[in-house]
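Undergrad: Here you go, one structure.
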2 protein chains.
Amino acid sequence: MTQYKPQTRAYAAQQATAPLAPFSFERRVPGPNDVAIEILFCGVCHSDLHTARNEWHNTIYPSVPGHEIVGRVVAVGDAVKNFKEGDTVGVGCMVDSCQHCATCAEGLEQYCENGFTGTYNGPLFGGENTYGGYSSSIVVSEKFVLKVSHTDKLAAVAPLLCAGITTYSPLRQWGVGKGHKVGIVGLGGLGHMGVKIAAAMGAHVVLFTTSPDKKADALRLGAKEVVVSKNEDEMAAHANSFDFILNTVAASHNLDPFIALLKRDATMTLVGAPEFPHPSPGVFGLIMGRKRLAGSLIGGVAETQEMLDFCAQHDIVSDIEMIRMDQINEAYERMLKSDVKYRFVIDMATLG
Amino acid sequence: MTQYKPQTRAYAAQQATAPLAPFSFERRVPGPNDVAIEILFCGVCHSDLHTARNEWHNTIYPSVPGHEIVGRVVAVGDAVKNFKEGDTVGVGCMVDSCQHCATCAEGLEQYCENGFTGTYNGPLFGGENTYGGYSSSIVVSEKFVLKVSHTDKLAAVAPLLCAGITTYSPLRQWGVGKGHKVGIVGLGGLGHMGVKIAAAMGAHVVLFTTSPDKKADALRLGAKEVVVSKNEDEMAAHANSFDFILNTVAASHNLDPFIALLKRDATMTLVGAPEFPHPSPGVFGLIMGRKRLAGSLIGGVAETQEMLDFCAQHDIVSDIEMIRMDQINEAYERMLKSDVKYRFVIDMATLG
């Protein structure tokens, strides 16, 4: 473990109203099961902004966001079996969970009955702080480290660790595949991954957007049809026809027009958590076709590895715009205006 | 067909603000596939009141409500195979559907792609009127007539045709059985059937109510536990523990405290359609345990027969209060005050 230096450079928010700025701290000395990783790239997720600005009212400061991490292994503990120095790896939204509850045993660490430990902002809903990927290095228990095999597009792989798995998991859970008509609502960081992944799974993908100018892009990304969701006639033409809808929009919006497009017994899964509630979905819409509204949170560790392998096999990465670390505050402002196609990724070599 | 007289006595609402009053009309002459039924008892469903008073804004007047019908066959068409004069039968919420769509072929006539024909108020969402069970007789296509085998409690069987199947169908759909912890929300006409049926299916039934004085009754009906849903401590003790929750409450209420009680991947099915929307369910609550909110509408014809047979086998009937036909308006007022344990049933011999 001689090569690893715990001193870590980072960008942090010191309070909700402050911009992110340089910050340094010490990572733990790697234990026998730990992997020490030099971070090469880190994707910028909307959750980073929510946390930096305390919009979920649970931020511990200083806050170092970032949970779409790719990097290179620089040291491993004595008991580490699956990784060695020089390996290209990823870290997603979790760095620990209780590892002894029934849910962890099922490989669903994201629903750990005792609460998983987020890659930043510590155990969910409070507890000791953790520092995320806007930093030069990270030390993570082997169990939560992922193998990255398509190493030629590392920066564009980073967003798979959150945006990728968040969309892959519900698509897999609900059995999306050939012959299915699948809707993806919203073409942002999550939505554009949803389109690519659902298309690779063999589904007929329909992208729903409020912006007609996203049509060409959606088709390029793999959608077979694009529906402008404000257009009632376009929507009505798809009534009761979808096997599954993945709704990636975090802004408050009316869910009923999408529920109306589901087939009987079909599900719309929400993966975006709005700051202000959606209008209440109509109960009649659910009752009249035995339809379902569900939620889904990222994915388990094993499933994240499965997703990375699936994406490597299908040559799927995120469409990204690379930024320097010192552009992060500007990137947040642009993200708020949806001015990004489709994910910012920080080049950690610019951390200085 | 000589015995059947089309002239039919009934009670009808002539407009939204008028009380129900005597009315007479002619039923159709039975065709080759029709069964003519002398109505003995008719349950009083909250939908009857909604329709009589045009609360769903789709009532065609005059309106003869009633879709929890039991009676005796008085004549059958030449092509009728499964019923004969003298048989004891039931008719539920539907008297027809298209019979040629894929959904009808699956035996899910309640979701008929071309819209089923309600026992009263005609085809769903408009169309020609039909007259329901607050009447001396009815003529129904054999396909929509059910066999009633526990003939010794006919009046108490009537509510099974709507309240029974509405609760039975989602309990069956979601695989409720032995070893399952199942919540029933609300102890009214639907809820009390849900408790009895879920208990007979072998589930550990927990009844949720806002009225502590319903505890004894719920236990008598088959619940193992009763939780006063306004009591946050009582609710918290059941967090993440339910395999399924059937929510029978039609009044607008906060769904989140119940979603919080579901296990990961578990479902709460709504069978009550509120006049005013529920507060919007929190997306976090669905996301954090991959939970599901669903709807369900009555049940198909074959499933309704299955439910009647199941109830006969387990000696399940509704707890009823018998009324005379001329007490219907008073019964509606009492129903609005939840002053009924647990279903009014009209003795059709009192139609006069």
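In the structure tokens, chains take letters A, B, ... by order of appearance, with residues numbered from 1 within each chain and ligands from 1 in the order shown.
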For region 295-309 of chain B, please output as a ChimeraX atom specification all residues within 6 Å (counting only C-alpha atoms; exclusion window: fewer than 2 positions along the same chain).
TA: /A:286-287,290-291 /B:107-110,146,165-166,169,269-271,311-312
Undergrad: Check the DSSP output for the backbone and give back, as a ChimeraX atom specification, the residues of region 94-145 of chain A in alpha helix (DSSP H).
TA: /A:102-105
Undergrad: Kindly determine which residues of chain A lie within 10 Å of chain B, considering only C-alpha atoms, and give the answer as a tab-separated table (two decimals) with C-alpha atoms, in the first residue's frame.
TA:
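Dumped everything to iface.tsv:
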```tsv
chain	number	residue	atom	x	y	z
A	103	THR	CA	-32.06	-7.37	0.97
A	110	GLN	CA	-29.69	0.07	-2.81
A	111	TYR	CA	-32.64	-0.99	-0.65
A	112	CYS	CA	-30.48	-2.18	2.30
A	113	GLU	CA	-32.77	-2.50	5.29
A	170	PRO	CA	-36.25	-0.85	-14.06
A	240	ASN	CA	-53.35	1.93	-24.17
A	250	ALA	CA	-37.78	15.09	-12.09
A	264	ARG	CA	-53.76	-3.00	-19.23
A	265	ASP	CA	-51.58	-4.32	-16.40
A	266	ALA	CA	-48.62	-2.25	-17.58
A	267	THR	CA	-46.39	-0.12	-15.39
A	268	MET	CA	-44.92	3.35	-15.45
A	269	THR	CA	-41.80	3.55	-13.29
A	270	LEU	CA	-40.66	6.89	-11.93
A	271	VAL	CA	-36.95	7.41	-11.40
A	272	GLY	CA	-36.97	11.17	-10.94
A	273	ALA	CA	-37.77	12.63	-7.53
A	274	PRO	CA	-39.40	16.03	-7.98
A	275	GLU	CA	-38.67	18.86	-5.56
A	276	PHE	CA	-42.40	19.74	-5.69
A	277	PRO	CA	-44.96	16.92	-5.97
A	278	HIS	CA	-46.50	15.87	-9.27
A	279	PRO	CA	-50.22	16.65	-9.55
A	280	SER	CA	-52.05	13.73	-7.96
A	281	PRO	CA	-52.49	10.90	-10.47
A	282	GLY	CA	-56.11	10.09	-11.22
A	283	VAL	CA	-57.27	6.90	-9.53
A	284	PHE	CA	-59.69	6.18	-12.39
A	285	GLY	CA	-56.74	5.97	-14.78
A	286	LEU	CA	-55.16	3.24	-12.65
A	287	ILE	CA	-58.41	1.38	-11.96
A	288	MET	CA	-59.70	1.34	-15.54
A	289	GLY	CA	-56.80	-0.76	-16.85
A	290	ARG	CA	-55.37	-2.26	-13.67
A	291	LYS	CA	-52.35	-0.06	-14.34
A	292	ARG	CA	-49.39	0.52	-12.07
A	293	LEU	CA	-47.23	3.38	-10.96
A	294	ALA	CA	-43.91	2.34	-9.46
A	295	GLY	CA	-40.57	3.70	-8.37
A	296	SER	CA	-37.02	2.50	-8.75
A	297	LEU	CA	-33.73	3.53	-7.20
A	298	ILE	CA	-30.40	3.01	-9.04
```
Undergrad: List every residue of region 44-232 of chain B that DSSP, applied to the backbone, labels as strand (DSSP E or B), and write the result as a PyMOL selection string.
TA: chain B and resi 63+69-76+88-91+94-96+117-118+123+135+137-141+146-147+181-185+204-209+225-228
Undergrad: What is the CA of Leu221 (chain B)-CA of Ala236 (chain B) distance in Å, reported with one decimal?
TA: 24.3 Å
Undergrad: Can you work out which one of A:Val35, A:Ile323, A:Ile328, A:Ala237 has the shortest atom-to-atom distance to Ala13 (chain A), counting only C-alpha atoms?
TA: A:Ile328
Undergrad: Might you pull out every residue within 6 Å of Met322 (chain A), with only C-alpha atoms counted and same-chain residues fewer than 5 positions away left off, and present them as a list in words?
TA: Phe344, Val345 and Ile346 of chain A
Undergrad: So, counting only C-alpha atoms, which residue among A:Leu161, A:Glu321, A:Thr59, A:Lys81 is closest to Arg334 (chain A)?
TA: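 Of all the options, A:Glu321 lies closest to Arg334 (chain A).
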Undergrad: Determine, counting only C-alpha atoms, which protein, DNA and RNA residues have an atom within 12 Å of an atom of Val317 (chain A); residues of the same chain fewer than 3 positions away are not included. Present the result as a PyMOL selection string.
TA: chain A and resi 148-161+163-165+189+192-197+200+221+307-314+320+342-343
Undergrad: Mind checking which residues fall within 8 Å of region 212-215 of chain B, counting only C-alpha atoms, ignoring those fewer than 2 positions away in the same chain, and posting them as a VMD selection string?
TA: chain B and resid 187 209 to 210 217 to 219 226 228
Undergrad: With N, CA, C and O atoms kept, could you save the residues just selected as a tab-separated table (two decimals), in the first residue's frame?
TA:
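Saved the output as result_23.tsv:
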```
chain	number	residue	atom	x	y	z
B	187	LEU	N	-63.07	-0.04	6.66
B	187	LEU	CA	-64.02	-1.12	6.99
B	187	LEU	C	-65.42	-0.68	6.62
B	187	LEU	O	-66.25	-0.34	7.47
B	209	THR	N	-58.16	1.49	10.02
B	209	THR	CA	-59.37	2.29	10.13
B	209	THR	C	-59.06	3.59	10.85
B	209	THR	O	-58.08	3.66	11.60
B	210	THR	N	-59.86	4.61	10.60
B	210	THR	CA	-59.73	5.85	11.37
B	210	THR	C	-60.61	5.81	12.61
B	210	THR	O	-60.52	6.70	13.45
B	217	ASP	N	-65.26	-5.28	15.72
B	217	ASP	CA	-65.90	-5.81	14.54
B	217	ASP	C	-64.88	-6.39	13.55
B	217	ASP	O	-65.09	-7.47	12.98
B	218	ALA	N	-63.80	-5.66	13.36
B	218	ALA	CA	-62.78	-6.11	12.40
B	218	ALA	C	-62.20	-7.45	12.83
B	218	ALA	O	-62.00	-8.35	12.00
B	219	LEU	N	-61.97	-7.60	14.12
B	219	LEU	CA	-61.42	-8.87	14.63
B	219	LEU	C	-62.43	-9.99	14.42
B	219	LEU	O	-62.09	-11.11	14.03
B	226	VAL	N	-55.74	-4.75	14.25
B	226	VAL	CA	-56.41	-3.54	13.79
B	226	VAL	C	-55.50	-2.36	14.12
B	226	VAL	O	-55.02	-2.24	15.24
B	228	VAL	N	-55.19	1.81	14.04
B	228	VAL	CA	-55.85	3.10	13.85
B	228	VAL	C	-54.89	3.98	13.03
B	228	VAL	O	-53.83	4.36	13.50
```
Undergrad: Would you mind listing what lies within 10 Å of Ala198 (chain B) as a ChimeraX atom specification, with only C-alpha atoms counted and same-chain residues fewer than 4 positions away left out?
TA: /B:167-168,171-172,176-178,180-184,193-194,202-206,222-223,246
Undergrad: For CA of Gly133 (chain A) and CA of Ala251 (chain A), determine how far apart the two atoms are, in Å to one decimal place.
TA: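 Between CA of Gly133 (chain A) and CA of Ala251 (chain A) the gap works out to 25.3 Å.
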